[in-house]
Amino acid sequence: MWLSYNIRFSNSIPMVRTRFAPSPTGYLHIGGARTALFCWGFAKKHRGTFILRIEDTDLERSTRESTQSILDSMAWLGLECEGPYFQMQRLSRYREVAERLVKEDKAYHCYATKEELDALREAQRARGEKPRYDGRWRPERARMRKLTPPPGAKPVIRFRNSEEGEVTFHDLVKGPITVSNTELDDLVLLRADGVPTYNFGVVVDDIDMNITHVIRGDDHVNNTPRQINIYRALGAPLPRFAHVPMILGQDGERLSKRHGAVSVTQYRDEGYLPEALLNYLARLGWSHGDEEIFTMQQFVDWFDLEHISKSPAKFNPEKLAWLNQQYMKGADNARLAALAQPFLAADGCAVEHGPSLVQVAGLLKERVSTVEELADAAVYFYREIEPAEALKSQHYTADVKPALVELRERFAAIAWNRQSINETIKSVIAERKLKLPKVAMPLRVMVTGGTQTPSIDATLELIGRDGVLARMARQLERFPG
């Protein structure tokens with residue numbers, strides 16, 4: 001059951017508190033996951049608290065499926081958090097704060113219609129001006145224009161932004177940033193339906209939850225001056241801001257699916273290990289010397305905001321696959337077996353009727369990049385695969401058939417272990433004056449349906465004597481002569 005909150009935290013100075021606040025309008029993507037990792041790592045480093053907040057006020061696009069996908073992704077990545085909390089369960093709080101600002105003359109009711117605002121912006125564009133709200137419903141201007149609220153109209157609440165001075169803050173990644181207040185218009189705080197806008201909701205939440213460090217993508221830099229003015233209007237202390245550069249594709253364009261960047265859950269479903277994905281994300285725009293492979297505990301120990309790059313990082317799916325391969329090699333065989341089992345079941349393999357999947361995983365994990373690849377490579381251990389005609393034409397030759405017939409006969413009589421299998425193959429090859437590939441390659445094709453397997457003796461041992469003899473018998477019938 002999802003948690004909710006309807007209380008305010010104390011106004012005492014807290015320990016480090018960070019938050020990840022995705023909007024449930026789609027799946028958690030690579031950029032969002034990296035932001036969550038940086039927020040989590042910073043809080044862990046300082047023994048603070050990491051909070052997950054679902055910003056679900058986009059009523060048209062927010063979905064329960066997207067919310068669940070975000071929660072599933074965070075759980076799979078192992079980024080433990082406080083929450084999740086939901087903005088739509090906080091509407092009365094936003095109304096309370098907005099009305100307080102109105103009473104203090106720091107905000108006001110605005111009755112401008114959509115059509116009216118569209119016409120205003122169109123006229124501004126025609127004059128070559130930046131489209132912006134002109135403050136017509138500020139109380140003093142509304143009185144001067146003799147504006148009166150239309151009967152029955154529900155107003156929005158707008159922030160009375162200062163029209164003088166500037167906003168300066170020190171970004172922990174980008175350095176000092178200054179924006180003139182003349183660049184900022186009177187943004188809407190609360191819509192007519194009582195739902196807060198992003199800039200207002202996030203400030204109220206961050207104040208109430210005592211967030212000390214706001215770590216987020218640099219697409220939010222332009223929002224920060226607006227939010228700082230709201231903090232100041234509420235008399236609240238400012239958090240420290242750190243805006244992380246975006247992730248680009250190898251071509252320098254904004255990251256998208258065509259660059260191989262997909263949802264976190266898709267990486268899970270394709271058999272990536274969460275620790276490999278986290279390790280890769282940590283190195284996208286942050287570094288600790290030349291360290292490439294490290295544990296999450298090492299990441300927490302090393303992580304700081306000072307070493308986040310000011311330049312965008314480039315996503316490289318080949319590098320991620322390589323890193324996952326390194327983690328696969330060191331992973332526990334039983335864990336890999338459990339992860340591979342659903343893939344094999346989906347492929348029609350009943351693993352309970354074959355060799356130990358734990359042993360199979362141990363044999364194959366050095367050769368694959370993902371759990372899905374491991375499962376694909378393991379299929380021939382659990383069901384016979386008919387070789388392609390091209391392979392049979394290449395390797396099923398009349399001159400090698402007698403050696404394979406003899407090999408099958410000897411296999412029926414030996415102790416079934418790797419050493420005996422190896423010795424038997426070598427004996428037949430030596431007696432018939434053949435080279436190893438001449439016998440081993442067609443044997444591999446006969447038993448596994450392909451040419452790429454681990455050591456043939458280890459492979460045959462795991463498939464089992466009965467399975468090997470039966471497959472050889474059927475395939476020997478396909479030989480010429």
# chains A, B, ... in the order shown; residues from 1 in each chain; ligands from 1
$ select_by_dssp --residues "range 121-280 of chain A" --states "strand (DSSP E or B)" --output "JSON, numbers by chain"
{"A": [156, 157, 158, 159, 166, 167, 168, 169, 170, 171, 175, 176, 177, 178, 179, 180, 188, 189, 190, 196, 213, 214, 215, 216, 217, 240, 241, 242, 243, 244, 247, 248, 254]}
$ residues_around --residues "Ala340 in chain A" --least-positions-apart "4" --cutoff "7 Å" --atoms "only C-alpha atoms" --output "PyMOL selection string"
chain A and resi 336+344+371-372+374-375
$ write_last_selection --atoms "N, CA, C and O atoms" --output "mmCIF file, in the first residue's frame"
data_model
loop_
_atom_site.group_PDB
_atom_site.id
_atom_site.type_symbol
_atom_site.label_atom_id
_atom_site.label_comp_id
_atom_site.auth_asym_id
_atom_site.auth_seq_id
_atom_site.Cartn_x
_atom_site.Cartn_y
_atom_site.Cartn_z
ATOM 1 N N LEU A 336 22.083 -16.245 -10.603
ATOM 2 C CA LEU A 336 21.910 -16.199 -12.054
ATOM 3 C C LEU A 336 20.921 -17.256 -12.528
ATOM 4 O O LEU A 336 20.118 -17.005 -13.439
ATOM 5 N N LEU A 344 13.976 -19.151 -19.589
ATOM 6 C CA LEU A 344 13.947 -20.502 -20.139
ATOM 7 C C LEU A 344 12.521 -21.059 -20.171
ATOM 8 O O LEU A 344 12.131 -21.731 -21.134
ATOM 9 N N VAL A 371 21.587 -11.778 -18.509
ATOM 10 C CA VAL A 371 20.895 -12.992 -18.075
ATOM 11 C C VAL A 371 20.084 -13.573 -19.234
ATOM 12 O O VAL A 371 19.989 -14.792 -19.396
ATOM 13 N N GLU A 372 19.511 -12.708 -20.046
ATOM 14 C CA GLU A 372 18.750 -13.195 -21.202
ATOM 15 C C GLU A 372 19.656 -13.966 -22.152
ATOM 16 O O GLU A 372 19.269 -15.030 -22.665
ATOM 17 N N LEU A 374 22.348 -15.525 -21.282
ATOM 18 C CA LEU A 374 22.669 -16.773 -20.585
ATOM 19 C C LEU A 374 21.563 -17.803 -20.814
ATOM 20 O O LEU A 374 21.837 -18.975 -21.094
ATOM 21 N N ALA A 375 20.317 -17.358 -20.677
ATOM 22 C CA ALA A 375 19.187 -18.267 -20.882
ATOM 23 C C ALA A 375 19.152 -18.778 -22.321
ATOM 24 O O ALA A 375 18.911 -19.971 -22.570
#
$ residues_around --residues "Ala350 in chain A" --least-positions-apart "4" --cutoff "12 Å" --atoms "only C-alpha atoms" --output "count of residues only"
16
$ residues_around --residues "range 63-67 of chain A" --least-positions-apart "6" --cutoff "10 Å" --atoms "only C-alpha atoms" --output "MDAnalysis selection string"
chainID A and resid 22:28 54:56 73
$ write_last_selection --atoms "N, CA, C and O atoms" --output "CSV table (one decimal), in the first residue's frame"
chain,number,residue,atom,x,y,z
A,22,PRO,N,9.9,12.2,-9.3
A,22,PRO,CA,9.5,12.0,-10.7
A,22,PRO,C,8.0,12.3,-10.9
A,22,PRO,O,7.2,12.2,-10.0
A,23,SER,N,7.7,12.6,-12.1
A,23,SER,CA,6.3,12.8,-12.5
A,23,SER,C,5.9,11.4,-13.2
A,23,SER,O,6.5,11.0,-14.1
A,24,PRO,N,4.7,10.8,-12.7
A,24,PRO,CA,4.3,9.5,-13.3
A,24,PRO,C,3.6,9.6,-14.6
A,24,PRO,O,2.5,9.2,-14.8
A,25,THR,N,4.3,10.3,-15.5
A,25,THR,CA,3.7,10.5,-16.9
A,25,THR,C,4.4,9.5,-17.9
A,25,THR,O,4.1,9.6,-19.1
A,26,GLY,N,5.2,8.7,-17.4
A,26,GLY,CA,5.9,7.7,-18.2
A,26,GLY,C,6.8,6.9,-17.3
A,26,GLY,O,6.8,7.0,-16.1
A,27,TYR,N,7.6,6.0,-17.9
A,27,TYR,CA,8.4,5.1,-17.2
A,27,TYR,C,9.7,5.8,-16.7
A,27,TYR,O,10.0,6.9,-17.2
A,28,LEU,N,10.3,5.3,-15.7
A,28,LEU,CA,11.6,5.8,-15.2
A,28,LEU,C,12.7,5.5,-16.2
A,28,LEU,O,12.9,4.4,-16.5
A,54,ILE,N,6.2,11.4,-5.5
A,54,ILE,CA,5.6,11.3,-6.8
A,54,ILE,C,4.8,12.5,-7.0
A,54,ILE,O,3.8,12.8,-6.4
A,55,GLU,N,5.3,13.3,-8.1
A,55,GLU,CA,4.6,14.6,-8.4
A,55,GLU,C,3.6,14.3,-9.4
A,55,GLU,O,3.8,14.5,-10.6
A,56,ASP,N,2.4,13.9,-8.9
A,56,ASP,CA,1.3,13.4,-9.8
A,56,ASP,C,0.2,14.5,-10.1
A,56,ASP,O,-0.9,14.1,-10.2
A,73,SER,N,10.9,0.1,-10.5
A,73,SER,CA,12.3,0.4,-10.9
A,73,SER,C,13.2,0.8,-9.7
A,73,SER,O,14.3,0.3,-9.5
$ closest_residue --among "A:Asn181, A:Ser455, A:Thr448, A:Asn229" --to "Gln419 in chain A" --atoms "only C-alpha atoms"
A:Ser455
$ closest_residue --among "A:Arg19, A:Arg61, A:Arg254, A:Arg145" --to "Ala43 in chain A" --atoms "only C-alpha atoms"
A:Arg19
$ closest_atom_pairs --of "range 24-99 of chain A" --to "range 300-304 of chain A" --cutoff "10 Å" --atoms "only C-alpha atoms" --output "Markdown table"
| residue | atom | partner | partner_atom | distance |
| --- | --- | --- | --- | --- |
| A:Leu37 | CA | A:Val300 | CA | 9.9 |
| A:Phe38 | CA | A:Phe303 | CA | 8.2 |
| A:Trp40 | CA | A:Val300 | CA | 8.7 |
| A:Gly41 | CA | A:Val300 | CA | 5.2 |
| A:Phe42 | CA | A:Phe303 | CA | 6.7 |
| A:Ala43 | CA | A:Val300 | CA | 8.8 |
| A:Lys44 | CA | A:Val300 | CA | 6.3 |
| A:Lys45 | CA | A:Val300 | CA | 5.2 |
| A:His46 | CA | A:Val300 | CA | 9.0 |
$ closest_residue --among "A:Leu189, A:Ala142, A:Val179, A:Ile70" --to "Ser263 in chain A" --atoms "only C-alpha atoms"
A:Ile70
$ select_by_dssp --residues "range 375-459 of chain A" --states "helix (DSSP H, G or I)" --output "count of residues only"
56
$ residues_around --residues "His109 in chain A" --least-positions-apart "3" --cutoff "6 Å" --atoms "only C-alpha atoms" --output "PyMOL selection string"
chain A and resi 155-157
$ write_last_selection --atoms "C-alpha atoms" --output "PDB file, in the first residue's frame"
ATOM      1  CA  PRO A 155      -9.578  32.410 -10.359  1.00  0.00           C
ATOM      2  CA  VAL A 156      -6.062  31.055 -10.314  1.00  0.00           C
ATOM      3  CA  ILE A 157      -3.661  32.335  -7.683  1.00  0.00           C
TER       4      ILE A 157
END
$ residues_around --residues "range 450-452 of chain A" --least-positions-apart "4" --cutoff "7 Å" --atoms "only C-alpha atoms" --output "VMD selection string"
chain A and resid 387 441 444 to 445
$ write_last_selection --atoms "C-alpha atoms" --output "mmCIF file, in the first residue's frame"
data_model
loop_
_atom_site.group_PDB
_atom_site.id
_atom_site.type_symbol
_atom_site.label_atom_id
_atom_site.label_comp_id
_atom_site.auth_asym_id
_atom_site.auth_seq_id
_atom_site.Cartn_x
_atom_site.Cartn_y
_atom_site.Cartn_z
ATOM 1 C CA PRO A 387 20.981 -27.878 -36.447
ATOM 2 C CA MET A 441 32.886 -29.625 -34.241
ATOM 3 C CA ARG A 444 29.086 -30.093 -30.933
ATOM 4 C CA VAL A 445 26.596 -29.495 -33.758
#
$ closest_residue --among "A:His395, A:His243, A:Arg121, A:Arg158" --to "Glu306 in chain A" --atoms "only C-alpha atoms"
A:His243
$ residues_around --residues "Leu234 in chain A" --least-positions-apart "5" --cutoff "12 Å" --atoms "only C-alpha atoms" --output "number ranges by chain"
A: 97-102, 104-107, 159, 200, 203-204, 207-208, 227-229
$ decode --residues "range 187-211 of chain A" --atoms "N, CA and C atoms" --output "compact mmCIF listing (two decimals), in the first residue's frame"
# COMPACT_ATOMS: atom_id res chain seq x y z
N LEU A 187 4.07 33.96 -11.95
CA LEU A 187 3.66 32.60 -12.29
C LEU A 187 2.42 32.18 -11.50
N VAL A 188 1.67 31.26 -12.08
CA VAL A 188 0.51 30.69 -11.39
C VAL A 188 1.01 29.77 -10.29
N LEU A 189 0.46 29.93 -9.09
CA LEU A 189 0.78 29.03 -7.98
C LEU A 189 -0.25 27.91 -7.89
N LEU A 190 -1.51 28.30 -7.93
CA LEU A 190 -2.59 27.34 -7.77
C LEU A 190 -3.58 27.53 -8.90
N ARG A 191 -3.86 26.46 -9.59
CA ARG A 191 -4.83 26.52 -10.70
C ARG A 191 -6.24 26.67 -10.14
N ALA A 192 -7.15 26.95 -11.02
CA ALA A 192 -8.54 27.16 -10.59
C ALA A 192 -9.15 25.92 -9.95
N ASP A 193 -8.66 24.76 -10.33
CA ASP A 193 -9.19 23.52 -9.75
C ASP A 193 -8.51 23.14 -8.44
N GLY A 194 -7.61 24.00 -7.95
CA GLY A 194 -6.96 23.74 -6.68
C GLY A 194 -5.70 22.91 -6.77
N VAL A 195 -5.28 22.56 -7.99
CA VAL A 195 -4.06 21.77 -8.18
C VAL A 195 -2.88 22.72 -8.34
N PRO A 196 -1.79 22.49 -7.60
CA PRO A 196 -0.66 23.41 -7.69
C PRO A 196 0.11 23.24 -8.99
N THR A 197 0.78 24.30 -9.42
CA THR A 197 1.72 24.17 -10.52
C THR A 197 3.01 23.55 -10.00
N TYR A 198 3.87 23.13 -10.92
CA TYR A 198 5.11 22.47 -10.52
C TYR A 198 5.93 23.34 -9.58
N ASN A 199 6.18 24.59 -9.97
CA ASN A 199 7.10 25.44 -9.20
C ASN A 199 6.59 25.72 -7.79
N PHE A 200 5.28 25.77 -7.61
CA PHE A 200 4.74 26.02 -6.28
C PHE A 200 4.71 24.74 -5.45
N GLY A 201 4.20 23.67 -6.04
CA GLY A 201 4.11 22.41 -5.30
C GLY A 201 5.46 21.93 -4.80
N VAL A 202 6.48 22.04 -5.64
CA VAL A 202 7.79 21.54 -5.27
C VAL A 202 8.39 22.35 -4.12
N VAL A 203 8.14 23.66 -4.10
CA VAL A 203 8.67 24.48 -3.02
C VAL A 203 7.98 24.15 -1.70
N VAL A 204 6.66 24.08 -1.72
CA VAL A 204 5.93 23.75 -0.49
C VAL A 204 6.36 22.38 0.05
N ASP A 205 6.48 21.42 -0.84
CA ASP A 205 6.89 20.09 -0.41
C ASP A 205 8.30 20.10 0.16
N ASP A 206 9.22 20.77 -0.53
CA ASP A 206 10.61 20.78 -0.07
C ASP A 206 10.75 21.50 1.26
N ILE A 207 9.95 22.54 1.47
CA ILE A 207 9.97 23.22 2.78
C ILE A 207 9.42 22.29 3.86
N ASP A 208 8.25 21.73 3.59
CA ASP A 208 7.60 20.88 4.59
C ASP A 208 8.43 19.65 4.93
N MET A 209 9.19 19.15 3.97
CA MET A 209 9.96 17.93 4.19
C MET A 209 11.42 18.23 4.54
N ASN A 210 11.70 19.52 4.80
CA ASN A 210 13.04 19.93 5.21
C ASN A 210 14.14 19.43 4.27
N ILE A 211 13.89 19.54 2.98
CA ILE A 211 14.90 19.13 2.00
C ILE A 211 16.07 20.12 2.07
